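Right, one structure below, let's go through it.
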Amino acid sequence: MIFRQLFDQASSTYTYLLADSRTREAVLIDPVFEQHARDTALIRELGLTLLYTLDTHCHADHVTGAWLMKAALGSRIALSPAYDATNVDLPLRHGDVVRFGAESLDVRATPGHTAGCLSFVTADRTKVFTGDALLVRGAGRTDFQQGDAHLLFRSIREQLFTLPDDCAVYPGHDYDGRTSSTIGEERQFNARIGGAAREEDFVGYMTNLGLPHPKQLAVAVPANMRAGEPEGGRVARAADWGPVVTTYAGLPEIAPEWVARHRQDVHLLDVRSGAEFDGELGHIEGAQLIPLDELRARASEVQRDKPVVVVCQTGKRSGMGAVILGKAGVARVANLAGGMVRWREAGLPS
């Protein structure tokens with residue numbers, strides 16, 4: 001199985017990408033709206049087909065990226081029907097199985113943090129994605145969204161603590177840098193429900209947390225009741241001058257074949273040394289030369305009436321060049337994907 005754990009720093013949310021390594025079919029658990037470009041780039045770079053987005057619950061601290069993923073990649077949106085949310089394609093209930101290639105996830109209802117919380121268990125029971133039901137050494141708060149500490153106690157004990165000791169626990173959040181745990185660890189050491197804790201102990205702990213409401217509560221919950229669809233279905237516009245793709249590393253890139261066809265519509269900036277510019281790989285006719293180590297000081301020399309495409313040997317230094325220009329206020333900028341090596345391999349003129 002292909003497996004990636006991703007993190008949104010603003011909300012301390014973990015997103016999980018799982019895929020069958022043979023069929024390349026994938027699911028994405030708890031996507032974050034603001035991380036859409038990152039996640040789609042990773043899915044594209046790994047050559048995956050996203051079948052489903054699975055939200056463990058209706059989040060109160062961030063907006064789901066499920067609707068954006070469906071709009072961009074055609075994936076189906078899956079969520080518990082307990083919320084009666086719109087735009088949901090696959091209502092998930094306890095006992096359902098989500099299949100992607102030869103891999104699958106068993107759905108377990110684990111309500112208590114909210115009324116519709118779900119956890120997802122891999123078929124071999126080596127991983128469980130617990131959302132906010134069970135956290136590393138903690139558990140999700142129960143003081144709003146139909147939360148119920150008594151119900152959460154039973155959910156954890158009956159649906160999660162019955163998994164094997166070595167089953168890895170992957171939570172929906174962590175605020176102290178912890179990435180995972182195991183069922184055995186949490187059954188023994190969890191500060192709220194581990195060891196010999198009884199239901200009254202857990203309920204007493206949870207009802208006295210005294211936490212402030214999440215900062216995004218008023219925005220996140222209504223948006224998540226639409227599966228993350230923006231008001232009016234409006235999506236942030238992509239680059240209007242060409243097919244710019246944001247990579248998983250966060251760099252804007254554009255294909256050399258498109259640049260060759262639209263050579264007169266862009267300004268080319270080569271950030272290699274002078275020797276490389278006139279060396280073995282040559283350079284693209286009309287390209288401006290400013291070596292990368294001089295670019296910050298000379299950014300004002302770069303023509304801005306056309307989109308800027310930054311070039312180097314393999315697309316690595318020019319990626320940094322695009323970042324430098326972006327910070328210098330150049331709004332329309334992209335890295336030439338693969339640099340002069342890919343340009344020459346494609347048989348384009350230099």
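Labels used: A, B, ... for chains in the order of the structure tokens, numbers from 1 for residues in each chain, and numbers from 1 for ligands as shown.
Around His173 (chain A), within 6 Å and counting only C-alpha atoms, the residues found are Ser12, Thr13 and Tyr14 of chain A, once anything fewer than 4 positions away on its own chain is removed.
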Contact residues around region 315-332 of chain A with only C-alpha atoms at 12 Å, ignoring same-chain residues under 6 positions, as a PyMOL selection string = chain A and resi 238-244+246-247+249-256+265-273+289-309+338-343
Atoms to include: C-alpha atoms. Write the selected residues as a PDB file, in the first residue's frame.
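And here is the file that came out, out_27.pdb:
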ATOM      1  CA  ALA A 238      -6.036  29.153 -11.746  1.00  0.00           C
ATOM      2  CA  ALA A 239      -3.305  31.040 -13.563  1.00  0.00           C
ATOM      3  CA  ASP A 240      -4.999  32.839 -16.455  1.00  0.00           C
ATOM      4  CA  TRP A 241      -1.973  32.947 -18.750  1.00  0.00           C
ATOM      5  CA  GLY A 242      -1.074  29.278 -19.099  1.00  0.00           C
ATOM      6  CA  PRO A 243      -1.416  25.737 -17.685  1.00  0.00           C
ATOM      7  CA  VAL A 244       0.634  26.364 -14.547  1.00  0.00           C
ATOM      8  CA  THR A 246       1.722  23.745  -8.472  1.00  0.00           C
ATOM      9  CA  THR A 247       3.985  20.858  -7.468  1.00  0.00           C
ATOM     10  CA  ALA A 249       6.873  21.124  -3.156  1.00  0.00           C
ATOM     11  CA  GLY A 250       4.745  24.229  -3.732  1.00  0.00           C
ATOM     12  CA  LEU A 251       6.518  25.408  -6.890  1.00  0.00           C
ATOM     13  CA  PRO A 252       4.626  26.763  -9.922  1.00  0.00           C
ATOM     14  CA  GLU A 253       5.688  24.855 -13.043  1.00  0.00           C
ATOM     15  CA  ILE A 254       4.819  24.916 -16.717  1.00  0.00           C
ATOM     16  CA  ALA A 255       5.583  22.366 -19.420  1.00  0.00           C
ATOM     17  CA  PRO A 256       8.301  23.191 -21.975  1.00  0.00           C
ATOM     18  CA  ASP A 265       3.713  35.366 -25.045  1.00  0.00           C
ATOM     19  CA  VAL A 266       6.210  34.876 -22.196  1.00  0.00           C
ATOM     20  CA  HIS A 267       9.488  36.359 -20.998  1.00  0.00           C
ATOM     21  CA  LEU A 268      12.223  33.770 -20.431  1.00  0.00           C
ATOM     22  CA  LEU A 269      14.681  34.275 -17.604  1.00  0.00           C
ATOM     23  CA  ASP A 270      17.718  31.955 -17.477  1.00  0.00           C
ATOM     24  CA  VAL A 271      19.313  31.728 -14.015  1.00  0.00           C
ATOM     25  CA  ARG A 272      22.351  29.619 -14.893  1.00  0.00           C
ATOM     26  CA  SER A 273      25.903  30.887 -15.077  1.00  0.00           C
ATOM     27  CA  LEU A 289      20.407  35.880 -18.303  1.00  0.00           C
ATOM     28  CA  ILE A 290      20.611  36.695 -14.596  1.00  0.00           C
ATOM     29  CA  PRO A 291      22.494  34.071 -12.532  1.00  0.00           C
ATOM     30  CA  LEU A 292      20.532  32.833  -9.547  1.00  0.00           C
ATOM     31  CA  ASP A 293      22.946  34.207  -6.949  1.00  0.00           C
ATOM     32  CA  GLU A 294      22.401  37.701  -8.408  1.00  0.00           C
ATOM     33  CA  LEU A 295      18.634  37.485  -8.828  1.00  0.00           C
ATOM     34  CA  ARG A 296      17.514  38.985  -5.521  1.00  0.00           C
ATOM     35  CA  ALA A 297      19.593  42.099  -6.127  1.00  0.00           C
ATOM     36  CA  ARG A 298      18.599  42.359  -9.793  1.00  0.00           C
ATOM     37  CA  ALA A 299      14.923  41.348  -9.657  1.00  0.00           C
ATOM     38  CA  SER A 300      13.905  44.836 -10.824  1.00  0.00           C
ATOM     39  CA  GLU A 301      15.635  44.138 -14.161  1.00  0.00           C
ATOM     40  CA  VAL A 302      13.202  41.351 -15.017  1.00  0.00           C
ATOM     41  CA  GLN A 303      10.583  42.285 -17.603  1.00  0.00           C
ATOM     42  CA  ARG A 304       7.089  42.096 -16.105  1.00  0.00           C
ATOM     43  CA  ASP A 305       4.720  42.987 -18.921  1.00  0.00           C
ATOM     44  CA  LYS A 306       4.586  39.274 -19.822  1.00  0.00           C
ATOM     45  CA  PRO A 307       4.465  36.169 -17.621  1.00  0.00           C
ATOM     46  CA  VAL A 308       7.976  35.127 -16.591  1.00  0.00           C
ATOM     47  CA  VAL A 309       9.200  31.565 -17.157  1.00  0.00           C
ATOM     48  CA  GLY A 338      12.704  19.848 -16.282  1.00  0.00           C
ATOM     49  CA  GLY A 339      14.779  22.794 -17.430  1.00  0.00           C
ATOM     50  CA  MET A 340      17.013  22.773 -20.501  1.00  0.00           C
ATOM     51  CA  VAL A 341      17.577  19.029 -20.186  1.00  0.00           C
ATOM     52  CA  ARG A 342      13.883  18.305 -20.778  1.00  0.00           C
ATOM     53  CA  TRP A 343      13.730  21.066 -23.389  1.00  0.00           C
TER      54      TRP A 343
END
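Counting only C-alpha atoms and comparing A:Gly195, A:Gly138, A:Pro222, A:Gly204, the residue that lies closest to His62 (chain A) is A:Pro222.
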query = Which one of A:Asn224, A:Thr126, A:Thr179, A:Thr314 sits closest to Val63 (chain A) if you count only C-alpha atoms?
reply = A:Asn224
query = Would you give me, as number ranges by chain, the residues in region 23-83 of chain A that DSSP reads as helix (DSSP H, G or I)?
reply = A: 33-45, 66-73, 81-83
Save out the residues we just selected, N, CA and C atoms, as a PDB file, in the first residue's frame.
ATOM      1  N   PHE A  33      -9.133  22.170   3.050  1.00  0.00           N
ATOM      2  CA  PHE A  33      -9.425  23.071   1.932  1.00  0.00           C
ATOM      3  C   PHE A  33      -8.173  23.807   1.456  1.00  0.00           C
ATOM      4  N   GLU A  34      -7.451  24.408   2.387  1.00  0.00           N
ATOM      5  CA  GLU A  34      -6.297  25.238   2.026  1.00  0.00           C
ATOM      6  C   GLU A  34      -5.119  24.418   1.481  1.00  0.00           C
ATOM      7  N   GLN A  35      -5.147  23.101   1.658  1.00  0.00           N
ATOM      8  CA  GLN A  35      -4.052  22.245   1.188  1.00  0.00           C
ATOM      9  C   GLN A  35      -4.399  21.542  -0.119  1.00  0.00           C
ATOM     10  N   HIS A  36      -5.419  22.034  -0.804  1.00  0.00           N
ATOM     11  CA  HIS A  36      -5.880  21.381  -2.034  1.00  0.00           C
ATOM     12  C   HIS A  36      -4.772  21.289  -3.081  1.00  0.00           C
ATOM     13  N   ALA A  37      -4.052  22.385  -3.301  1.00  0.00           N
ATOM     14  CA  ALA A  37      -2.998  22.373  -4.327  1.00  0.00           C
ATOM     15  C   ALA A  37      -1.912  21.365  -3.978  1.00  0.00           C
ATOM     16  N   ARG A  38      -1.521  21.330  -2.700  1.00  0.00           N
ATOM     17  CA  ARG A  38      -0.510  20.367  -2.261  1.00  0.00           C
ATOM     18  C   ARG A  38      -0.962  18.937  -2.509  1.00  0.00           C
ATOM     19  N   ASP A  39      -2.197  18.635  -2.101  1.00  0.00           N
ATOM     20  CA  ASP A  39      -2.677  17.259  -2.174  1.00  0.00           C
ATOM     21  C   ASP A  39      -2.895  16.810  -3.616  1.00  0.00           C
ATOM     22  N   THR A  40      -3.456  17.683  -4.454  1.00  0.00           N
ATOM     23  CA  THR A  40      -3.655  17.302  -5.851  1.00  0.00           C
ATOM     24  C   THR A  40      -2.319  17.110  -6.555  1.00  0.00           C
ATOM     25  N   ALA A  41      -1.334  17.920  -6.195  1.00  0.00           N
ATOM     26  CA  ALA A  41      -0.013  17.757  -6.795  1.00  0.00           C
ATOM     27  C   ALA A  41       0.578  16.401  -6.435  1.00  0.00           C
ATOM     28  N   LEU A  42       0.463  16.001  -5.186  1.00  0.00           N
ATOM     29  CA  LEU A  42       1.000  14.704  -4.764  1.00  0.00           C
ATOM     30  C   LEU A  42       0.282  13.562  -5.478  1.00  0.00           C
ATOM     31  N   ILE A  43      -1.028  13.650  -5.564  1.00  0.00           N
ATOM     32  CA  ILE A  43      -1.811  12.608  -6.242  1.00  0.00           C
ATOM     33  C   ILE A  43      -1.393  12.509  -7.706  1.00  0.00           C
ATOM     34  N   ARG A  44      -1.216  13.648  -8.340  1.00  0.00           N
ATOM     35  CA  ARG A  44      -0.801  13.667  -9.745  1.00  0.00           C
ATOM     36  C   ARG A  44       0.617  13.112  -9.907  1.00  0.00           C
ATOM     37  N   GLU A  45       1.542  13.550  -9.049  1.00  0.00           N
ATOM     38  CA  GLU A  45       2.927  13.109  -9.188  1.00  0.00           C
ATOM     39  C   GLU A  45       3.095  11.610  -8.941  1.00  0.00           C
ATOM     40  N   ALA A  66     -12.977  18.221   0.481  1.00  0.00           N
ATOM     41  CA  ALA A  66     -13.651  17.173  -0.291  1.00  0.00           C
ATOM     42  C   ALA A  66     -14.274  17.705  -1.580  1.00  0.00           C
ATOM     43  N   TRP A  67     -14.989  18.831  -1.484  1.00  0.00           N
ATOM     44  CA  TRP A  67     -15.657  19.363  -2.671  1.00  0.00           C
ATOM     45  C   TRP A  67     -14.642  19.798  -3.724  1.00  0.00           C
ATOM     46  N   LEU A  68     -13.548  20.414  -3.310  1.00  0.00           N
ATOM     47  CA  LEU A  68     -12.513  20.825  -4.256  1.00  0.00           C
ATOM     48  C   LEU A  68     -11.918  19.613  -4.959  1.00  0.00           C
ATOM     49  N   MET A  69     -11.703  18.532  -4.222  1.00  0.00           N
ATOM     50  CA  MET A  69     -11.151  17.332  -4.825  1.00  0.00           C
ATOM     51  C   MET A  69     -12.112  16.735  -5.856  1.00  0.00           C
ATOM     52  N   LYS A  70     -13.387  16.758  -5.535  1.00  0.00           N
ATOM     53  CA  LYS A  70     -14.367  16.251  -6.496  1.00  0.00           C
ATOM     54  C   LYS A  70     -14.376  17.111  -7.747  1.00  0.00           C
ATOM     55  N   ALA A  71     -14.331  18.447  -7.565  1.00  0.00           N
ATOM     56  CA  ALA A  71     -14.346  19.354  -8.710  1.00  0.00           C
ATOM     57  C   ALA A  71     -13.110  19.173  -9.585  1.00  0.00           C
ATOM     58  N   ALA A  72     -11.971  18.906  -8.954  1.00  0.00           N
ATOM     59  CA  ALA A  72     -10.715  18.814  -9.699  1.00  0.00           C
ATOM     60  C   ALA A  72     -10.450  17.426 -10.257  1.00  0.00           C
ATOM     61  N   LEU A  73     -10.805  16.384  -9.493  1.00  0.00           N
ATOM     62  CA  LEU A  73     -10.382  15.027  -9.837  1.00  0.00           C
ATOM     63  C   LEU A  73     -11.526  14.045 -10.027  1.00  0.00           C
ATOM     64  N   PRO A  81     -24.053   9.855   7.296  1.00  0.00           N
ATOM     65  CA  PRO A  81     -25.333  10.521   7.062  1.00  0.00           C
ATOM     66  C   PRO A  81     -25.892  11.196   8.307  1.00  0.00           C
ATOM     67  N   ALA A  82     -25.246  11.008   9.453  1.00  0.00           N
ATOM     68  CA  ALA A  82     -25.754  11.600  10.694  1.00  0.00           C
ATOM     69  C   ALA A  82     -25.824  13.120  10.614  1.00  0.00           C
ATOM     70  N   TYR A  83     -25.013  13.732   9.749  1.00  0.00           N
ATOM     71  CA  TYR A  83     -24.976  15.195   9.666  1.00  0.00           C
ATOM     72  C   TYR A  83     -25.995  15.758   8.689  1.00  0.00           C
TER      73      TYR A  83
END
Quick check for you: according to DSSP on this backbone, which residues of region 55-296 of chain A are classed as strand (DSSP E or B)? Reply as a PDB file with N, CA and C atoms, in the first residue's frame.
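Wrote it out as result.pdb, contents follow:
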ATOM      1  N   THR A  64     -13.216  21.159   5.086  1.00  0.00           N
ATOM      2  CA  THR A  64     -12.776  20.006   4.315  1.00  0.00           C
ATOM      3  C   THR A  64     -12.463  20.394   2.871  1.00  0.00           C
ATOM      4  N   ARG A  76     -15.392  10.868  -5.306  1.00  0.00           N
ATOM      5  CA  ARG A  76     -16.693  10.864  -4.626  1.00  0.00           C
ATOM      6  C   ARG A  76     -16.506  11.258  -3.164  1.00  0.00           C
ATOM      7  N   ILE A  77     -17.475  11.983  -2.624  1.00  0.00           N
ATOM      8  CA  ILE A  77     -17.416  12.495  -1.262  1.00  0.00           C
ATOM      9  C   ILE A  77     -18.137  11.524  -0.333  1.00  0.00           C
ATOM     10  N   ALA A  78     -17.441  11.094   0.732  1.00  0.00           N
ATOM     11  CA  ALA A  78     -18.003  10.133   1.679  1.00  0.00           C
ATOM     12  C   ALA A  78     -18.012  10.730   3.086  1.00  0.00           C
ATOM     13  N   LEU A  79     -19.132  10.572   3.777  1.00  0.00           N
ATOM     14  CA  LEU A  79     -19.318  11.126   5.124  1.00  0.00           C
ATOM     15  C   LEU A  79     -20.477  10.391   5.780  1.00  0.00           C
ATOM     16  N   LEU A  90     -21.475   9.332  -1.020  1.00  0.00           N
ATOM     17  CA  LEU A  90     -21.435   8.004  -0.405  1.00  0.00           C
ATOM     18  C   LEU A  90     -21.646   8.132   1.099  1.00  0.00           C
ATOM     19  N   PRO A  91     -22.883   7.962   1.577  1.00  0.00           N
ATOM     20  CA  PRO A  91     -23.112   7.976   3.034  1.00  0.00           C
ATOM     21  C   PRO A  91     -22.491   6.721   3.650  1.00  0.00           C
ATOM     22  N   VAL A  97     -17.655  -1.053   3.833  1.00  0.00           N
ATOM     23  CA  VAL A  97     -16.273  -1.279   3.399  1.00  0.00           C
ATOM     24  C   VAL A  97     -15.997  -0.363   2.213  1.00  0.00           C
ATOM     25  N   VAL A  98     -14.914   0.390   2.295  1.00  0.00           N
ATOM     26  CA  VAL A  98     -14.494   1.255   1.203  1.00  0.00           C
ATOM     27  C   VAL A  98     -13.338   0.563   0.487  1.00  0.00           C
ATOM     28  N   ARG A  99     -13.515   0.273  -0.807  1.00  0.00           N
ATOM     29  CA  ARG A  99     -12.514  -0.475  -1.554  1.00  0.00           C
ATOM     30  C   ARG A  99     -11.798   0.431  -2.551  1.00  0.00           C
ATOM     31  N   PHE A 100     -10.482   0.249  -2.669  1.00  0.00           N
ATOM     32  CA  PHE A 100      -9.681   0.935  -3.676  1.00  0.00           C
ATOM     33  C   PHE A 100      -8.613  -0.039  -4.137  1.00  0.00           C
ATOM     34  N   GLU A 103      -7.002  -2.991  -1.977  1.00  0.00           N
ATOM     35  CA  GLU A 103      -7.007  -2.525  -0.593  1.00  0.00           C
ATOM     36  C   GLU A 103      -8.428  -2.146  -0.172  1.00  0.00           C
ATOM     37  N   SER A 104      -8.647  -2.062   1.142  1.00  0.00           N
ATOM     38  CA  SER A 104      -9.969  -1.663   1.629  1.00  0.00           C
ATOM     39  C   SER A 104      -9.854  -1.107   3.042  1.00  0.00           C
ATOM     40  N   LEU A 105     -10.868  -0.356   3.430  1.00  0.00           N
ATOM     41  CA  LEU A 105     -11.004   0.179   4.777  1.00  0.00           C
ATOM     42  C   LEU A 105     -12.360  -0.218   5.331  1.00  0.00           C
ATOM     43  N   ASP A 106     -12.353  -0.762   6.541  1.00  0.00           N
ATOM     44  CA  ASP A 106     -13.600  -1.080   7.237  1.00  0.00           C
ATOM     45  C   ASP A 106     -14.050   0.161   8.007  1.00  0.00           C
ATOM     46  N   VAL A 107     -15.321   0.466   7.911  1.00  0.00           N
ATOM     47  CA  VAL A 107     -15.876   1.650   8.566  1.00  0.00           C
ATOM     48  C   VAL A 107     -16.421   1.266   9.935  1.00  0.00           C
ATOM     49  N   ARG A 108     -15.976   1.981  10.953  1.00  0.00           N
ATOM     50  CA  ARG A 108     -16.487   1.768  12.306  1.00  0.00           C
ATOM     51  C   ARG A 108     -17.068   3.083  12.825  1.00  0.00           C
ATOM     52  N   ALA A 109     -18.303   3.041  13.277  1.00  0.00           N
ATOM     53  CA  ALA A 109     -18.916   4.219  13.874  1.00  0.00           C
ATOM     54  C   ALA A 109     -18.323   4.430  15.260  1.00  0.00           C
ATOM     55  N   LEU A 118     -16.594   8.706  12.438  1.00  0.00           N
ATOM     56  CA  LEU A 118     -16.236   7.404  11.902  1.00  0.00           C
ATOM     57  C   LEU A 118     -14.744   7.176  12.070  1.00  0.00           C
ATOM     58  N   SER A 119     -14.358   5.920  12.209  1.00  0.00           N
ATOM     59  CA  SER A 119     -12.957   5.529  12.151  1.00  0.00           C
ATOM     60  C   SER A 119     -12.809   4.516  11.027  1.00  0.00           C
ATOM     61  N   PHE A 120     -11.629   4.470  10.417  1.00  0.00           N
ATOM     62  CA  PHE A 120     -11.385   3.599   9.274  1.00  0.00           C
ATOM     63  C   PHE A 120     -10.233   2.655   9.589  1.00  0.00           C
ATOM     64  N   VAL A 121     -10.470   1.356   9.419  1.00  0.00           N
ATOM     65  CA  VAL A 121      -9.497   0.327   9.767  1.00  0.00           C
ATOM     66  C   VAL A 121      -9.073  -0.408   8.510  1.00  0.00           C
ATOM     67  N   THR A 122      -7.754  -0.542   8.290  1.00  0.00           N
ATOM     68  CA  THR A 122      -7.288  -1.297   7.132  1.00  0.00           C
ATOM     69  C   THR A 122      -7.687  -2.764   7.282  1.00  0.00           C
ATOM     70  N   LYS A 127      -3.585  -0.637  10.734  1.00  0.00           N
ATOM     71  CA  LYS A 127      -3.723   0.816  10.842  1.00  0.00           C
ATOM     72  C   LYS A 127      -5.173   1.165  11.103  1.00  0.00           C
ATOM     73  N   VAL A 128      -5.368   2.176  11.949  1.00  0.00           N
ATOM     74  CA  VAL A 128      -6.705   2.724  12.160  1.00  0.00           C
ATOM     75  C   VAL A 128      -6.606   4.239  12.140  1.00  0.00           C
ATOM     76  N   PHE A 129      -7.521   4.863  11.410  1.00  0.00           N
ATOM     77  CA  PHE A 129      -7.580   6.317  11.285  1.00  0.00           C
ATOM     78  C   PHE A 129      -8.762   6.786  12.117  1.00  0.00           C
ATOM     79  N   THR A 130      -8.443   7.408  13.238  1.00  0.00           N
ATOM     80  CA  THR A 130      -9.438   7.607  14.296  1.00  0.00           C
ATOM     81  C   THR A 130     -10.082   8.982  14.294  1.00  0.00           C
ATOM     82  N   GLY A 131      -9.702   9.870  13.380  1.00  0.00           N
ATOM     83  CA  GLY A 131     -10.281  11.212  13.409  1.00  0.00           C
ATOM     84  C   GLY A 131     -10.036  11.863  14.757  1.00  0.00           C
ATOM     85  N   LEU A 134     -10.225   9.170  18.996  1.00  0.00           N
ATOM     86  CA  LEU A 134      -9.074   8.815  19.819  1.00  0.00           C
ATOM     87  C   LEU A 134      -7.861   9.560  19.298  1.00  0.00           C
ATOM     88  N   LEU A 135      -7.240  10.349  20.158  1.00  0.00           N
ATOM     89  CA  LEU A 135      -6.026  11.078  19.828  1.00  0.00           C
ATOM     90  C   LEU A 135      -4.840  10.414  20.515  1.00  0.00           C
ATOM     91  N   GLY A 138      -4.954  11.182  24.170  1.00  0.00           N
ATOM     92  CA  GLY A 138      -6.110  12.036  24.428  1.00  0.00           C
ATOM     93  C   GLY A 138      -7.333  11.523  23.699  1.00  0.00           C
ATOM     94  N   ALA A 139      -8.373  12.362  23.669  1.00  0.00           N
ATOM     95  CA  ALA A 139      -9.619  12.049  22.976  1.00  0.00           C
ATOM     96  C   ALA A 139     -10.293  13.363  22.600  1.00  0.00           C
ATOM     97  N   ALA A 168      -1.522   0.439  14.446  1.00  0.00           N
ATOM     98  CA  ALA A 168      -1.063   1.827  14.515  1.00  0.00           C
ATOM     99  C   ALA A 168      -2.256   2.777  14.519  1.00  0.00           C
ATOM    100  N   VAL A 169      -2.222   3.746  15.416  1.00  0.00           N
ATOM    101  CA  VAL A 169      -3.276   4.753  15.538  1.00  0.00           C
ATOM    102  C   VAL A 169      -2.825   6.029  14.837  1.00  0.00           C
ATOM    103  N   TYR A 170      -3.604   6.463  13.854  1.00  0.00           N
ATOM    104  CA  TYR A 170      -3.330   7.707  13.144  1.00  0.00           C
ATOM    105  C   TYR A 170      -4.482   8.671  13.410  1.00  0.00           C
ATOM    106  N   PRO A 171      -4.244   9.689  14.238  1.00  0.00           N
ATOM    107  CA  PRO A 171      -5.320  10.585  14.669  1.00  0.00           C
ATOM    108  C   PRO A 171      -5.609  11.685  13.656  1.00  0.00           C
ATOM    109  N   HIS A 173      -5.754  14.878  14.549  1.00  0.00           N
ATOM    110  CA  HIS A 173      -4.999  16.061  14.966  1.00  0.00           C
ATOM    111  C   HIS A 173      -3.915  15.662  15.959  1.00  0.00           C
ATOM    112  N   SER A 181       0.515   6.510  17.190  1.00  0.00           N
ATOM    113  CA  SER A 181       0.669   5.712  18.401  1.00  0.00           C
ATOM    114  C   SER A 181       0.266   4.290  18.048  1.00  0.00           C
ATOM    115  N   THR A 182      -0.049   3.486  19.049  1.00  0.00           N
ATOM    116  CA  THR A 182      -0.624   2.163  18.814  1.00  0.00           C
ATOM    117  C   THR A 182      -1.797   1.966  19.762  1.00  0.00           C
ATOM    118  N   VAL A 245       1.059  24.472 -13.104  1.00  0.00           N
ATOM    119  CA  VAL A 245       0.760  23.430 -12.128  1.00  0.00           C
ATOM    120  C   VAL A 245       1.605  23.679 -10.883  1.00  0.00           C
ATOM    121  N   THR A 246       0.975  23.628  -9.724  1.00  0.00           N
ATOM    122  CA  THR A 246       1.722  23.745  -8.472  1.00  0.00           C
ATOM    123  C   THR A 246       2.171  22.362  -8.034  1.00  0.00           C
ATOM    124  N   PRO A 252       5.418  26.665  -8.692  1.00  0.00           N
ATOM    125  CA  PRO A 252       4.626  26.763  -9.922  1.00  0.00           C
ATOM    126  C   PRO A 252       5.462  26.315 -11.116  1.00  0.00           C
ATOM    127  N   GLU A 253       4.942  25.376 -11.902  1.00  0.00           N
ATOM    128  CA  GLU A 253       5.688  24.855 -13.043  1.00  0.00           C
ATOM    129  C   GLU A 253       4.835  24.893 -14.302  1.00  0.00           C
ATOM    130  N   ILE A 254       5.514  24.953 -15.433  1.00  0.00           N
ATOM    131  CA  ILE A 254       4.819  24.916 -16.717  1.00  0.00           C
ATOM    132  C   ILE A 254       5.621  24.054 -17.674  1.00  0.00           C
ATOM    133  N   HIS A 267       8.106  35.888 -21.112  1.00  0.00           N
ATOM    134  CA  HIS A 267       9.488  36.359 -20.998  1.00  0.00           C
ATOM    135  C   HIS A 267      10.300  35.263 -20.326  1.00  0.00           C
ATOM    136  N   LEU A 268      11.382  34.836 -20.970  1.00  0.00           N
ATOM    137  CA  LEU A 268      12.223  33.770 -20.431  1.00  0.00           C
ATOM    138  C   LEU A 268      13.394  34.359 -19.663  1.00  0.00           C
ATOM    139  N   LEU A 269      13.576  33.843 -18.453  1.00  0.00           N
ATOM    140  CA  LEU A 269      14.681  34.275 -17.604  1.00  0.00           C
ATOM    141  C   LEU A 269      15.538  33.062 -17.275  1.00  0.00           C
ATOM    142  N   ASP A 270      16.785  33.054 -17.727  1.00  0.00           N
ATOM    143  CA  ASP A 270      17.718  31.955 -17.477  1.00  0.00           C
ATOM    144  C   ASP A 270      18.573  32.309 -16.261  1.00  0.00           C
ATOM    145  N   GLN A 288      16.609  36.112 -21.170  1.00  0.00           N
ATOM    146  CA  GLN A 288      17.417  37.033 -20.377  1.00  0.00           C
ATOM    147  C   GLN A 288      18.265  36.226 -19.408  1.00  0.00           C
ATOM    148  N   LEU A 289      19.515  36.597 -19.213  1.00  0.00           N
ATOM    149  CA  LEU A 289      20.407  35.880 -18.303  1.00  0.00           C
ATOM    150  C   LEU A 289      20.651  36.706 -17.048  1.00  0.00           C
TER     151      LEU A 289
END
ask   = From the list A:Leu17, A:Val333, A:Ala10, A:Leu281, which residue is nearest Leu51 (chain A) when using only C-alpha atoms?
value = A:Leu17
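Using only C-alpha atoms, the contacts of Thr86 (chain A) at a cut-off of 8 Å, with sequence neighbours closer than 2 positions omitted, comprise Asp84, Val88, Met225, Arg226 and Ala227 of chain A.
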ask   = What is the CA of Glu229 (chain A)-CA of Ala26 (chain A) distance in Å, reported with one decimal?
value = 21.5 Å
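All residues of protein, DNA or RNA that reach within 10 Å of Phe144 (chain A), judged by only C-alpha atoms and not counting those fewer than 2 positions away in the chain, are Ala60, Gly112, His113, Thr114, Ala115, Arg141, Thr142, Gln146, Gly147, Asp148 and His213 of chain A.
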Those same residues - N, CA and C atoms - I'd like them written as a short mmCIF file (atom, residue, chain, number, x, y, z; two decimals), in the first residue's frame.
data_model
loop_
_atom_site.label_atom_id
_atom_site.label_comp_id
_atom_site.auth_asym_id
_atom_site.auth_seq_id
_atom_site.Cartn_x
_atom_site.Cartn_y
_atom_site.Cartn_z
N ALA A 60 -14.94 21.10 12.99
CA ALA A 60 -15.24 22.44 13.49
C ALA A 60 -14.04 23.36 13.45
N GLY A 112 -19.35 10.39 19.58
CA GLY A 112 -19.08 10.88 20.92
C GLY A 112 -18.45 12.25 20.86
N HIS A 113 -17.39 12.40 20.03
CA HIS A 113 -16.85 13.73 19.77
C HIS A 113 -17.91 14.54 19.04
N THR A 114 -18.49 13.96 17.99
CA THR A 114 -19.72 14.45 17.36
C THR A 114 -20.60 13.22 17.14
N ALA A 115 -21.81 13.48 16.67
CA ALA A 115 -22.77 12.38 16.52
C ALA A 115 -22.42 11.43 15.38
N ARG A 141 -12.81 16.43 22.17
CA ARG A 141 -13.73 17.11 23.09
C ARG A 141 -15.17 16.72 22.79
N THR A 142 -16.03 16.84 23.77
CA THR A 142 -17.42 16.36 23.64
C THR A 142 -18.44 17.43 24.01
N GLN A 146 -23.42 17.90 19.30
CA GLN A 146 -24.03 16.67 19.81
C GLN A 146 -23.00 15.71 20.41
N GLY A 147 -21.94 16.29 20.97
CA GLY A 147 -20.96 15.46 21.65
C GLY A 147 -21.53 14.80 22.89
N ASP A 148 -20.96 13.66 23.25
CA ASP A 148 -21.46 12.89 24.40
C ASP A 148 -20.29 12.08 24.95
N HIS A 213 -13.94 27.51 22.28
CA HIS A 213 -14.41 26.95 21.02
C HIS A 213 -13.38 27.19 19.92
#
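Once Leu18 (chain A) and its same-chain neighbours fewer than 3 positions away are set aside, A:Met1, A:Ile2, A:Phe3, A:Arg4, A:Ala26, A:Val27, A:Leu28 remain within 7 Å of it when counting only C-alpha atoms.
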